[in-house]
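Chemist: So that you have it, the file is structure09.cif, and it contains mmCIF, C-alpha atoms:
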```
data_upload
loop_
_atom_site.group_PDB
_atom_site.id
_atom_site.type_symbol
_atom_site.label_atom_id
_atom_site.label_comp_id
_atom_site.auth_asym_id
_atom_site.auth_seq_id
_atom_site.Cartn_x
_atom_site.Cartn_y
_atom_site.Cartn_z
ATOM 1 C CA MET A 263 2.528 -24.081 5.696
ATOM 2 C CA SER A 264 1.063 -26.961 3.728
ATOM 3 C CA ASP A 265 -1.227 -24.990 1.446
ATOM 4 C CA ALA A 266 -0.366 -23.248 -1.801
ATOM 5 C CA SER A 267 -0.647 -19.725 -0.392
ATOM 6 C CA ARG A 268 2.324 -17.575 -1.264
ATOM 7 C CA VAL A 269 3.694 -14.190 -2.217
ATOM 8 C CA ILE A 270 5.080 -13.781 -5.727
ATOM 9 C CA ARG A 271 7.562 -10.923 -5.549
ATOM 10 C CA ALA A 272 7.583 -8.241 -8.204
ATOM 11 C CA ARG A 273 10.737 -6.606 -9.535
ATOM 12 C CA ALA A 274 10.330 -4.031 -12.276
ATOM 13 C CA PHE A 275 7.201 -5.655 -13.697
ATOM 14 C CA ARG A 276 8.666 -9.132 -13.676
ATOM 15 C CA TRP A 277 7.662 -11.672 -11.039
ATOM 16 C CA ASP A 278 9.791 -14.309 -9.356
ATOM 17 C CA GLY A 279 9.356 -17.665 -11.035
ATOM 18 C CA VAL A 280 6.931 -16.332 -13.636
ATOM 19 C CA PRO A 281 8.228 -16.722 -17.198
ATOM 20 C CA VAL A 282 7.789 -13.986 -19.776
ATOM 21 C CA THR A 283 6.149 -15.711 -22.714
ATOM 22 C CA ALA A 284 4.811 -14.904 -26.127
ATOM 23 C CA TYR A 285 1.510 -13.068 -26.219
ATOM 24 C CA LYS A 286 0.059 -15.680 -28.556
ATOM 25 C CA GLU A 287 1.454 -18.867 -29.973
ATOM 26 C CA SER A 288 1.561 -17.458 -33.453
ATOM 27 C CA GLY A 289 0.192 -14.711 -35.597
ATOM 28 C CA ALA A 290 1.161 -11.498 -37.301
ATOM 29 C CA LEU A 291 -1.747 -9.370 -36.116
ATOM 30 C CA PHE A 292 0.066 -7.953 -33.101
ATOM 31 C CA ARG A 293 3.448 -6.409 -32.352
ATOM 32 C CA ASP A 294 5.787 -6.505 -29.352
ATOM 33 C CA VAL A 295 3.486 -7.928 -26.699
ATOM 34 C CA THR A 296 4.479 -10.312 -23.890
ATOM 35 C CA ARG A 297 2.432 -12.313 -21.413
ATOM 36 C CA GLN A 298 3.079 -13.358 -17.819
ATOM 37 C CA THR A 299 0.504 -15.573 -16.141
ATOM 38 C CA LEU A 300 0.727 -14.562 -12.492
ATOM 39 C CA LEU A 301 -1.881 -16.839 -10.954
ATOM 40 C CA GLY A 302 -4.296 -19.545 -11.984
ATOM 41 C CA GLU A 303 -2.153 -22.084 -13.793
ATOM 42 C CA GLY A 304 0.292 -23.074 -11.041
ATOM 43 C CA ALA A 305 0.368 -26.061 -8.716
ATOM 44 C CA GLY A 306 -2.307 -25.839 -6.038
ATOM 45 C CA GLU A 307 -4.233 -23.194 -7.966
ATOM 46 C CA ASP A 308 -6.950 -25.481 -9.328
ATOM 47 C CA GLY A 309 -9.442 -23.748 -7.047
ATOM 48 C CA LEU A 310 -9.064 -20.522 -9.014
ATOM 49 C CA SER A 311 -11.764 -20.222 -11.648
ATOM 50 C CA PHE A 312 -9.986 -17.234 -13.215
ATOM 51 C CA LEU A 313 -6.485 -16.419 -14.453
ATOM 52 C CA THR A 314 -4.576 -13.246 -13.646
ATOM 53 C CA ARG A 315 -2.215 -12.345 -16.460
ATOM 54 C CA TYR A 316 0.082 -9.337 -16.993
ATOM 55 C CA PHE A 317 0.544 -8.146 -20.554
ATOM 56 C CA GLU A 318 3.147 -5.675 -21.674
ATOM 57 C CA VAL A 319 3.070 -3.831 -24.973
ATOM 58 C CA GLN A 320 6.408 -2.298 -25.928
ATOM 59 C CA PRO A 321 6.631 1.183 -27.501
ATOM 60 C CA GLY A 322 5.177 1.060 -30.985
ATOM 61 C CA GLY A 323 3.368 -2.189 -30.276
ATOM 62 C CA TRP A 324 -0.255 -3.326 -30.207
ATOM 63 C CA SER A 325 -2.358 -6.329 -29.316
ATOM 64 C CA THR A 326 -4.600 -8.123 -31.789
ATOM 65 C CA LEU A 327 -7.859 -6.431 -32.743
ATOM 66 C CA GLU A 328 -10.220 -9.189 -31.687
ATOM 67 C CA ARG A 329 -13.431 -10.278 -30.042
ATOM 68 C CA HIS A 330 -14.632 -13.212 -27.951
ATOM 69 C CA GLU A 331 -17.581 -14.095 -25.758
ATOM 70 C CA HIS A 332 -15.745 -14.091 -22.440
ATOM 71 C CA PRO A 333 -15.381 -10.711 -20.726
ATOM 72 C CA HIS A 334 -12.058 -9.090 -19.812
ATOM 73 C CA THR A 335 -11.264 -7.164 -16.670
ATOM 74 C CA VAL A 336 -8.200 -4.993 -17.257
ATOM 75 C CA VAL A 337 -6.285 -2.776 -14.808
ATOM 76 C CA VAL A 338 -3.486 -0.639 -16.233
ATOM 77 C CA LEU A 339 -0.277 -0.770 -14.173
ATOM 78 C CA ARG A 340 2.251 1.209 -16.213
ATOM 79 C CA GLY A 341 2.595 3.419 -19.251
ATOM 80 C CA ARG A 342 -0.001 5.135 -21.349
ATOM 81 C CA GLY A 343 -1.891 4.060 -24.385
ATOM 82 C CA ARG A 344 -5.192 3.637 -26.116
ATOM 83 C CA VAL A 345 -7.799 0.950 -26.039
ATOM 84 C CA VAL A 346 -10.278 0.307 -28.814
ATOM 85 C CA LEU A 347 -13.660 -0.731 -27.384
ATOM 86 C CA GLY A 348 -16.137 -1.323 -30.158
ATOM 87 C CA ASP A 349 -16.323 1.866 -32.204
ATOM 88 C CA VAL A 350 -14.692 4.074 -29.578
ATOM 89 C CA THR A 351 -11.039 4.639 -28.683
ATOM 90 C CA HIS A 352 -10.148 5.674 -25.139
ATOM 91 C CA ASP A 353 -6.905 6.970 -23.656
ATOM 92 C CA ILE A 354 -5.697 4.856 -20.753
ATOM 93 C CA ALA A 355 -3.206 5.488 -17.944
ATOM 94 C CA PRO A 356 -2.143 3.712 -14.754
ATOM 95 C CA TYR A 357 -4.912 2.277 -12.580
ATOM 96 C CA ASP A 358 -7.624 2.906 -15.152
ATOM 97 C CA VAL A 359 -9.943 -0.090 -15.290
ATOM 98 C CA VAL A 360 -11.219 -1.391 -18.616
ATOM 99 C CA TYR A 361 -14.220 -3.644 -18.939
ATOM 100 C CA VAL A 362 -14.368 -5.519 -22.218
ATOM 101 C CA ALA A 363 -17.911 -6.866 -22.375
ATOM 102 C CA PRO A 364 -18.734 -10.166 -24.103
ATOM 103 C CA GLY A 365 -18.398 -9.806 -27.860
ATOM 104 C CA ALA A 366 -16.812 -6.348 -27.818
ATOM 105 C CA VAL A 367 -14.051 -5.726 -30.343
ATOM 106 C CA HIS A 368 -10.938 -4.486 -28.536
ATOM 107 C CA GLN A 369 -7.259 -3.692 -28.973
ATOM 108 C CA PHE A 370 -4.521 -2.150 -26.821
ATOM 109 C CA ARG A 371 -1.745 0.141 -28.098
ATOM 110 C CA THR A 372 1.055 2.141 -26.557
ATOM 111 C CA THR A 373 1.252 5.859 -27.235
ATOM 112 C CA THR A 374 4.525 6.785 -25.493
ATOM 113 C CA ASP A 375 8.100 5.533 -25.344
ATOM 114 C CA GLU A 376 7.325 3.568 -22.177
ATOM 115 C CA PRO A 377 5.834 0.070 -22.176
ATOM 116 C CA LEU A 378 2.099 -0.203 -21.556
ATOM 117 C CA GLY A 379 1.547 -2.857 -18.888
ATOM 118 C CA PHE A 380 -1.787 -4.129 -17.648
ATOM 119 C CA LEU A 381 -3.393 -6.916 -15.696
ATOM 120 C CA CYS A 382 -6.047 -8.881 -17.552
ATOM 121 C CA ILE A 383 -8.262 -11.278 -15.623
ATOM 122 C CA VAL A 384 -10.311 -13.889 -17.449
ATOM 123 C CA ASP A 385 -12.257 -17.047 -16.739
ATOM 124 C CA ARG A 386 -10.134 -20.168 -16.814
ATOM 125 C CA GLU A 387 -12.665 -21.771 -19.176
ATOM 126 C CA ARG A 388 -13.281 -19.441 -22.078
ATOM 127 C CA ASP A 389 -13.750 -19.242 -25.828
ATOM 128 C CA ARG A 390 -10.943 -18.477 -28.244
ATOM 129 C CA PRO A 391 -10.465 -14.926 -29.536
ATOM 130 C CA VAL A 392 -11.424 -14.231 -33.139
ATOM 131 C CA PRO A 393 -9.335 -11.635 -35.000
ATOM 132 C CA VAL A 394 -11.250 -8.756 -36.546
ATOM 133 C CA SER A 395 -10.130 -6.841 -39.624
ATOM 134 C CA ARG A 396 -11.053 -3.253 -40.290
ATOM 135 C CA MET B 129 -21.609 1.415 -28.490
ATOM 136 C CA SER B 130 -24.463 -0.636 -27.144
ATOM 137 C CA ASP B 131 -22.487 -2.974 -24.927
ATOM 138 C CA ALA B 132 -21.307 -2.377 -21.381
ATOM 139 C CA SER B 133 -17.629 -2.016 -22.291
ATOM 140 C CA ARG B 134 -16.060 1.038 -20.740
ATOM 141 C CA VAL B 135 -13.057 2.652 -19.132
ATOM 142 C CA ILE B 136 -13.304 3.546 -15.459
ATOM 143 C CA ARG B 137 -10.823 6.354 -14.894
ATOM 144 C CA ALA B 138 -8.539 6.322 -11.897
ATOM 145 C CA ARG B 139 -7.554 9.430 -9.942
ATOM 146 C CA ALA B 140 -5.318 8.928 -6.926
ATOM 147 C CA PHE B 141 -6.643 5.454 -6.188
ATOM 148 C CA ARG B 142 -10.246 6.476 -6.521
ATOM 149 C CA TRP B 143 -12.280 5.568 -9.600
ATOM 150 C CA ASP B 144 -14.973 7.572 -11.364
ATOM 151 C CA GLY B 145 -18.415 6.462 -10.265
ATOM 152 C CA VAL B 146 -17.110 3.876 -7.827
ATOM 153 C CA PRO B 147 -18.123 4.578 -4.231
ATOM 154 C CA VAL B 148 -15.704 4.121 -1.354
ATOM 155 C CA THR B 149 -17.523 1.855 1.062
ATOM 156 C CA ALA B 150 -16.977 0.147 4.368
ATOM 157 C CA TYR B 151 -14.709 -2.873 4.300
ATOM 158 C CA LYS B 152 -17.373 -4.958 6.015
ATOM 159 C CA GLU B 153 -20.894 -4.190 7.128
ATOM 160 C CA SER B 154 -19.961 -4.435 10.772
ATOM 161 C CA GLY B 155 -17.324 -5.757 13.103
ATOM 162 C CA ALA B 156 -14.528 -4.643 15.347
ATOM 163 C CA LEU B 157 -11.874 -7.063 14.124
ATOM 164 C CA PHE B 158 -10.363 -4.665 11.620
ATOM 165 C CA ARG B 159 -9.226 -1.047 11.540
ATOM 166 C CA ASP B 160 -9.287 1.660 8.880
ATOM 167 C CA VAL B 161 -10.009 -0.371 5.775
ATOM 168 C CA THR B 162 -12.133 0.721 2.795
ATOM 169 C CA ARG B 163 -13.481 -1.168 -0.200
ATOM 170 C CA GLN B 164 -14.149 -0.151 -3.788
ATOM 171 C CA THR B 165 -15.740 -2.690 -6.095
ATOM 172 C CA LEU B 166 -14.306 -1.813 -9.497
ATOM 173 C CA LEU B 167 -15.983 -4.426 -11.665
ATOM 174 C CA GLY B 168 -18.416 -7.275 -11.358
ATOM 175 C CA GLU B 169 -21.442 -5.769 -9.686
ATOM 176 C CA GLY B 170 -22.436 -3.089 -12.200
ATOM 177 C CA ALA B 171 -25.067 -3.033 -14.922
ATOM 178 C CA GLY B 172 -24.128 -5.237 -17.845
ATOM 179 C CA GLU B 173 -21.500 -7.087 -15.825
ATOM 180 C CA ASP B 174 -23.539 -10.225 -15.180
ATOM 181 C CA GLY B 175 -21.190 -12.123 -17.469
ATOM 182 C CA LEU B 176 -18.326 -11.638 -15.019
ATOM 183 C CA SER B 177 -17.986 -14.646 -12.737
ATOM 184 C CA PHE B 178 -15.511 -12.763 -10.546
ATOM 185 C CA LEU B 179 -15.356 -9.412 -8.765
ATOM 186 C CA THR B 180 -12.413 -7.019 -8.852
ATOM 187 C CA ARG B 181 -12.223 -5.016 -5.648
ATOM 188 C CA TYR B 182 -9.668 -2.460 -4.399
ATOM 189 C CA PHE B 183 -9.021 -2.384 -0.669
ATOM 190 C CA GLU B 184 -7.106 0.309 1.123
ATOM 191 C CA VAL B 185 -5.709 -0.022 4.622
ATOM 192 C CA GLN B 186 -4.803 3.298 6.227
ATOM 193 C CA PRO B 187 -1.619 3.726 8.286
ATOM 194 C CA GLY B 188 -1.988 1.776 11.510
ATOM 195 C CA GLY B 189 -4.821 -0.319 10.108
ATOM 196 C CA TRP B 190 -5.397 -3.982 9.410
ATOM 197 C CA SER B 191 -7.948 -6.291 7.816
ATOM 198 C CA THR B 192 -9.694 -9.070 9.699
ATOM 199 C CA LEU B 193 -7.686 -12.191 10.461
ATOM 200 C CA GLU B 194 -9.926 -14.706 8.719
ATOM 201 C CA ARG B 195 -10.325 -17.744 6.534
ATOM 202 C CA HIS B 196 -12.784 -18.986 3.900
ATOM 203 C CA GLU B 197 -12.953 -21.662 1.237
ATOM 204 C CA HIS B 198 -12.785 -19.374 -1.767
ATOM 205 C CA PRO B 199 -9.289 -18.342 -2.913
ATOM 206 C CA HIS B 200 -8.060 -14.761 -3.140
ATOM 207 C CA THR B 201 -5.880 -13.278 -5.839
ATOM 208 C CA VAL B 202 -4.249 -10.090 -4.562
ATOM 209 C CA VAL B 203 -2.041 -7.589 -6.407
ATOM 210 C CA VAL B 204 -0.523 -4.775 -4.336
ATOM 211 C CA LEU B 205 -0.839 -1.348 -5.965
ATOM 212 C CA ARG B 206 0.487 1.080 -3.346
ATOM 213 C CA GLY B 207 2.219 1.253 0.021
ATOM 214 C CA ARG B 208 4.013 -1.402 1.982
ATOM 215 C CA GLY B 209 2.813 -3.837 4.564
ATOM 216 C CA ARG B 210 2.665 -7.383 5.773
ATOM 217 C CA VAL B 211 0.402 -10.249 4.978
ATOM 218 C CA VAL B 212 -0.232 -13.161 7.287
ATOM 219 C CA LEU B 213 -0.598 -16.409 5.302
ATOM 220 C CA GLY B 214 -1.179 -19.327 7.604
ATOM 221 C CA ASP B 215 1.712 -19.401 10.058
ATOM 222 C CA VAL B 216 3.985 -17.147 8.019
ATOM 223 C CA THR B 217 4.139 -13.359 7.691
ATOM 224 C CA HIS B 218 5.495 -11.842 4.483
ATOM 225 C CA ASP B 219 6.484 -8.286 3.631
ATOM 226 C CA ILE B 220 4.610 -6.937 0.625
ATOM 227 C CA ALA B 221 5.228 -4.015 -1.698
ATOM 228 C CA PRO B 222 3.749 -2.713 -4.952
ATOM 229 C CA TYR B 223 3.002 -5.283 -7.650
ATOM 230 C CA ASP B 224 3.689 -8.246 -5.390
ATOM 231 C CA VAL B 225 1.063 -10.909 -5.994
ATOM 232 C CA VAL B 226 -0.465 -12.800 -3.079
ATOM 233 C CA TYR B 227 -2.285 -16.074 -3.481
ATOM 234 C CA VAL B 228 -4.544 -16.942 -0.553
ATOM 235 C CA ALA B 229 -5.381 -20.600 -1.058
ATOM 236 C CA PRO B 230 -8.712 -22.079 0.062
ATOM 237 C CA GLY B 231 -8.898 -22.255 3.846
ATOM 238 C CA ALA B 232 -5.715 -20.277 4.504
ATOM 239 C CA VAL B 233 -5.813 -17.836 7.416
ATOM 240 C CA HIS B 234 -4.814 -14.373 6.234
ATOM 241 C CA GLN B 235 -4.613 -10.723 7.239
ATOM 242 C CA PHE B 236 -3.212 -7.530 5.699
ATOM 243 C CA ARG B 237 -1.506 -4.715 7.643
ATOM 244 C CA THR B 238 0.221 -1.482 6.781
ATOM 245 C CA THR B 239 3.750 -0.934 8.030
ATOM 246 C CA THR B 240 4.438 2.634 6.879
ATOM 247 C CA ASP B 241 2.716 6.013 6.996
ATOM 248 C CA GLU B 242 1.306 5.468 3.507
ATOM 249 C CA PRO B 243 -1.916 3.578 2.796
ATOM 250 C CA LEU B 244 -1.574 -0.026 1.670
ATOM 251 C CA GLY B 245 -3.751 -0.503 -1.404
ATOM 252 C CA PHE B 246 -4.368 -3.746 -3.240
ATOM 253 C CA LEU B 247 -6.627 -5.382 -5.761
ATOM 254 C CA CYS B 248 -8.411 -8.507 -4.557
ATOM 255 C CA ILE B 249 -10.204 -10.689 -7.087
ATOM 256 C CA VAL B 250 -12.716 -13.291 -5.941
ATOM 257 C CA ASP B 251 -15.450 -15.478 -7.354
ATOM 258 C CA ARG B 252 -18.816 -13.794 -7.464
ATOM 259 C CA GLU B 253 -20.340 -16.821 -5.706
ATOM 260 C CA ARG B 254 -18.321 -17.558 -2.586
ATOM 261 C CA ASP B 255 -18.553 -18.564 1.049
ATOM 262 C CA ARG B 256 -18.519 -16.052 3.894
ATOM 263 C CA PRO B 257 -15.266 -15.333 5.736
ATOM 264 C CA VAL B 258 -14.895 -16.708 9.247
ATOM 265 C CA PRO B 259 -12.882 -14.623 11.735
ATOM 266 C CA VAL B 260 -9.985 -16.388 13.416
ATOM 267 C CA SER B 261 -8.674 -15.533 16.882
ATOM 268 C CA ARG B 262 -5.099 -16.121 17.924
#
```
What is this file in structure tokens?

Modeler:
Amino acid sequence: MSDASRVIRARAFRWDGVPVTAYKESGALFRDVTRQTLLGEGAGEDGLSFLTRYFEVQPGGWSTLERHEHPHTVVVLRGRGRVVLGDVTHDIAPYDVVYVAPGAVHQFRTTTDEPLGFLCIVDRERDRPVPVSR
Amino acid sequence: MSDASRVIRARAFRWDGVPVTAYKESGALFRDVTRQTLLGEGAGEDGLSFLTRYFEVQPGGWSTLERHEHPHTVVVLRGRGRVVLGDVTHDIAPYDVVYVAPGAVHQFRTTTDEPLGFLCIVDRERDRPVPVSR
């Protein structure tokens, strides 16, 4: 097969050939979060206008409270937690879908002793997140 | 909250307020496949340039063998099956990621007595699939 089509095998929420990287390059506004970019940045994937990333928040951890103009599509894969969406906090569990609309303040947290893992799909071209303090 | 941000709750691979619809409007080239569009077509979701759909293939079923110029990003959520990608067939299981590159012939099948369920993310604006016969 000469095209870039392929299957990326999953093993315990890690994927073959996909590195586990830092959530952000720097910052102290989050705790114990990792990022795996599953599709959209690899060779032959230029035709994808969106990136599919998997984030994992370890027990006791949280992502940055932030906002940006690009929307997020999130699908929870493992664990349980809470998501802040604007002024409201929602419980989340596997397969729940979260829509983060443009400009909405949001943050993900674990609430159990299991990691909270979720897919997050975004446009390849997008604005940078801005941290929010409360 | 005045924005469209929200959580869409999952219950046994169905989602609150999301109808289970036909895989395609018509055709006899597939068997026992349903579609649920989770995000991208609802009110306030105009800012999403991509759609997140969940497809489920019942035991004994298969999707159309087809090709199109837009790429597919697939993440398996339940069941086991096989995907045709060009000239190769791969086994797939939960959380495996499948990249269907532009123009690649592809088809999904179940191989057990459990439904095969997967997310499939595509550009909102895309070309129509063309069935392939072999």

Chemist: Could you build a table of the residues in chain A lying no more than 6 Å from chain B, giving for each the nearest pair of atoms and their separation in Å rounded to one decimal place, using only C-alpha atoms, ordered by chain and ascending residue number, as a Markdown table?

Modeler:
```
| residue | atom | partner | partner_atom | distance |
| --- | --- | --- | --- | --- |
| A:Ala266 | CA | B:Ala229 | CA | 5.7 |
| A:Ser267 | CA | B:Val228 | CA | 4.8 |
| A:Arg268 | CA | B:Tyr227 | CA | 5.3 |
| A:Val269 | CA | B:Val226 | CA | 4.5 |
| A:Ile270 | CA | B:Val225 | CA | 4.9 |
| A:Arg271 | CA | B:Asp224 | CA | 4.7 |
| A:Ala272 | CA | B:Asp224 | CA | 4.8 |
| A:Tyr357 | CA | B:Ala138 | CA | 5.5 |
| A:Asp358 | CA | B:Arg137 | CA | 4.7 |
| A:Val359 | CA | B:Ile136 | CA | 5.0 |
| A:Val360 | CA | B:Val135 | CA | 4.5 |
| A:Tyr361 | CA | B:Ser133 | CA | 5.1 |
| A:Val362 | CA | B:Ser133 | CA | 4.8 |
| A:Ala363 | CA | B:Ser133 | CA | 4.9 |
```

Chemist: Given the file shown, determine the residues that the PyMOL selection byres ((chain A and resi 328) around 8) selects; report them as a list in words.

Modeler: Thr326, Leu327, Arg329, His330, Val367, His368, Gln369, Pro391, Val392, Pro393 and Val394 of chain A

Chemist: Quick one: distance from atom CA of B:Phe158 to atom CA of B:Thr240 in Å, one decimal?

Modeler: 17.2 Å

Chemist: Could you name the residues that touch A:Gly323 at 10 Å or less, counting only C-alpha atoms, but leaving out those on the same chain fewer than 2 positions away, as a list in words?

Modeler: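 In the requested format, the answer is Phe292, Arg293, Asp294, Val295, Glu318, Val319, Gln320, Pro321, Ser325, Phe370, Arg371, Thr372, Thr373, Pro377 and Leu378 of chain A.
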
Chemist: Write the selection just made, keeping C-alpha atoms, as an mmCIF file, in the frame of the given file?

Modeler:
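Just written: again.cif:
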```cif
data_model
loop_
_atom_site.group_PDB
_atom_site.id
_atom_site.type_symbol
_atom_site.label_atom_id
_atom_site.label_comp_id
_atom_site.auth_asym_id
_atom_site.auth_seq_id
_atom_site.Cartn_x
_atom_site.Cartn_y
_atom_site.Cartn_z
ATOM 1 C CA PHE A 292 0.066 -7.953 -33.101
ATOM 2 C CA ARG A 293 3.448 -6.409 -32.352
ATOM 3 C CA ASP A 294 5.787 -6.505 -29.352
ATOM 4 C CA VAL A 295 3.486 -7.928 -26.699
ATOM 5 C CA GLU A 318 3.147 -5.675 -21.674
ATOM 6 C CA VAL A 319 3.070 -3.831 -24.973
ATOM 7 C CA GLN A 320 6.408 -2.298 -25.928
ATOM 8 C CA PRO A 321 6.631 1.183 -27.501
ATOM 9 C CA SER A 325 -2.358 -6.329 -29.316
ATOM 10 C CA PHE A 370 -4.521 -2.150 -26.821
ATOM 11 C CA ARG A 371 -1.745 0.141 -28.098
ATOM 12 C CA THR A 372 1.055 2.141 -26.557
ATOM 13 C CA THR A 373 1.252 5.859 -27.235
ATOM 14 C CA PRO A 377 5.834 0.070 -22.176
ATOM 15 C CA LEU A 378 2.099 -0.203 -21.556
#
```

Chemist: What is the distance between atom CA of B:Tyr151 and atom CA of B:Phe183, in Å to one decimal?

Modeler: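 Distance reported for this atom pair: 7.6 Å.
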
Chemist: Padding 5 Å on each side, edges along x, y and z: where is the centre of the box around the listed atoms of stretch 202-212 of chain B, and how long are its edges in Å to one decimal? Output it as JSON.

Modeler:
```
{"center_x": -0.1, "center_y": -6.0, "center_z": 0.4, "size_x": 18.3, "size_y": 24.4, "size_z": 23.7}
```

Chemist: Using Å and a single decimal, report how far atom CA of B:Ala150 sits from atom CA of B:Glu242.

Modeler: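 So the answer is 19.1 Å.
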
Chemist: Would you fill the gaps in stretch 240-247 of chain B so it has all heavy atoms, then print it as an mmCIF file, keeping the file's coordinate frame?

Modeler:
```cif
data_model
loop_
_atom_site.group_PDB
_atom_site.id
_atom_site.type_symbol
_atom_site.label_atom_id
_atom_site.label_comp_id
_atom_site.auth_asym_id
_atom_site.auth_seq_id
_atom_site.Cartn_x
_atom_site.Cartn_y
_atom_site.Cartn_z
ATOM 1 N N THR B 240 3.842 1.306 7.067
ATOM 2 C CA THR B 240 4.438 2.634 6.879
ATOM 3 C C THR B 240 3.349 3.689 7.088
ATOM 4 O O THR B 240 2.208 3.350 7.426
ATOM 5 C CB THR B 240 5.027 2.795 5.454
ATOM 6 O OG1 THR B 240 3.945 2.876 4.518
ATOM 7 C CG2 THR B 240 5.937 1.632 5.104
ATOM 8 N N ASP B 241 3.707 4.941 6.833
ATOM 9 C CA ASP B 241 2.716 6.013 6.996
ATOM 10 C C ASP B 241 1.962 6.292 5.700
ATOM 11 O O ASP B 241 1.295 7.314 5.568
ATOM 12 C CB ASP B 241 3.382 7.283 7.538
ATOM 13 C CG ASP B 241 4.507 7.762 6.632
ATOM 14 O OD1 ASP B 241 4.721 7.142 5.569
ATOM 15 O OD2 ASP B 241 5.163 8.747 6.985
ATOM 16 N N GLU B 242 2.062 5.358 4.761
ATOM 17 C CA GLU B 242 1.306 5.468 3.507
ATOM 18 C C GLU B 242 0.229 4.391 3.510
ATOM 19 O O GLU B 242 0.436 3.312 4.073
ATOM 20 C CB GLU B 242 2.253 5.247 2.315
ATOM 21 C CG GLU B 242 1.617 5.552 0.973
ATOM 22 C CD GLU B 242 2.495 5.094 -0.202
ATOM 23 O OE1 GLU B 242 3.634 4.653 0.036
ATOM 24 O OE2 GLU B 242 2.015 5.151 -1.340
ATOM 25 N N PRO B 243 -0.910 4.651 2.889
ATOM 26 C CA PRO B 243 -1.916 3.578 2.796
ATOM 27 C C PRO B 243 -1.374 2.367 2.021
ATOM 28 O O PRO B 243 -0.547 2.517 1.120
ATOM 29 C CB PRO B 243 -3.061 4.238 2.019
ATOM 30 C CG PRO B 243 -2.871 5.703 2.197
ATOM 31 C CD PRO B 243 -1.388 5.909 2.291
ATOM 32 N N LEU B 244 -1.849 1.213 2.401
ATOM 33 C CA LEU B 244 -1.574 -0.026 1.670
ATOM 34 C C LEU B 244 -2.803 -0.313 0.809
ATOM 35 O O LEU B 244 -3.896 -0.540 1.347
ATOM 36 C CB LEU B 244 -1.336 -1.174 2.654
ATOM 37 C CG LEU B 244 -1.203 -2.569 2.032
ATOM 38 C CD1 LEU B 244 0.090 -2.693 1.236
ATOM 39 C CD2 LEU B 244 -1.270 -3.653 3.116
ATOM 40 N N GLY B 245 -2.620 -0.284 -0.499
ATOM 41 C CA GLY B 245 -3.751 -0.503 -1.404
ATOM 42 C C GLY B 245 -3.521 -1.723 -2.267
ATOM 43 O O GLY B 245 -2.416 -1.918 -2.785
ATOM 44 N N PHE B 246 -4.547 -2.539 -2.426
ATOM 45 C CA PHE B 246 -4.368 -3.746 -3.240
ATOM 46 C C PHE B 246 -5.669 -4.148 -3.918
ATOM 47 O O PHE B 246 -6.764 -3.921 -3.401
ATOM 48 C CB PHE B 246 -3.824 -4.901 -2.397
ATOM 49 C CG PHE B 246 -4.608 -5.222 -1.150
ATOM 50 C CD1 PHE B 246 -5.662 -6.125 -1.185
ATOM 51 C CD2 PHE B 246 -4.292 -4.626 0.069
ATOM 52 C CE1 PHE B 246 -6.376 -6.432 -0.046
ATOM 53 C CE2 PHE B 246 -5.017 -4.932 1.227
ATOM 54 C CZ PHE B 246 -6.054 -5.830 1.165
ATOM 55 N N LEU B 247 -5.514 -4.735 -5.083
ATOM 56 C CA LEU B 247 -6.627 -5.382 -5.761
ATOM 57 C C LEU B 247 -6.854 -6.748 -5.131
ATOM 58 O O LEU B 247 -5.892 -7.428 -4.748
ATOM 59 C CB LEU B 247 -6.316 -5.582 -7.246
ATOM 60 C CG LEU B 247 -6.049 -4.328 -8.061
ATOM 61 C CD1 LEU B 247 -5.551 -4.725 -9.452
ATOM 62 C CD2 LEU B 247 -7.307 -3.469 -8.173
#
```
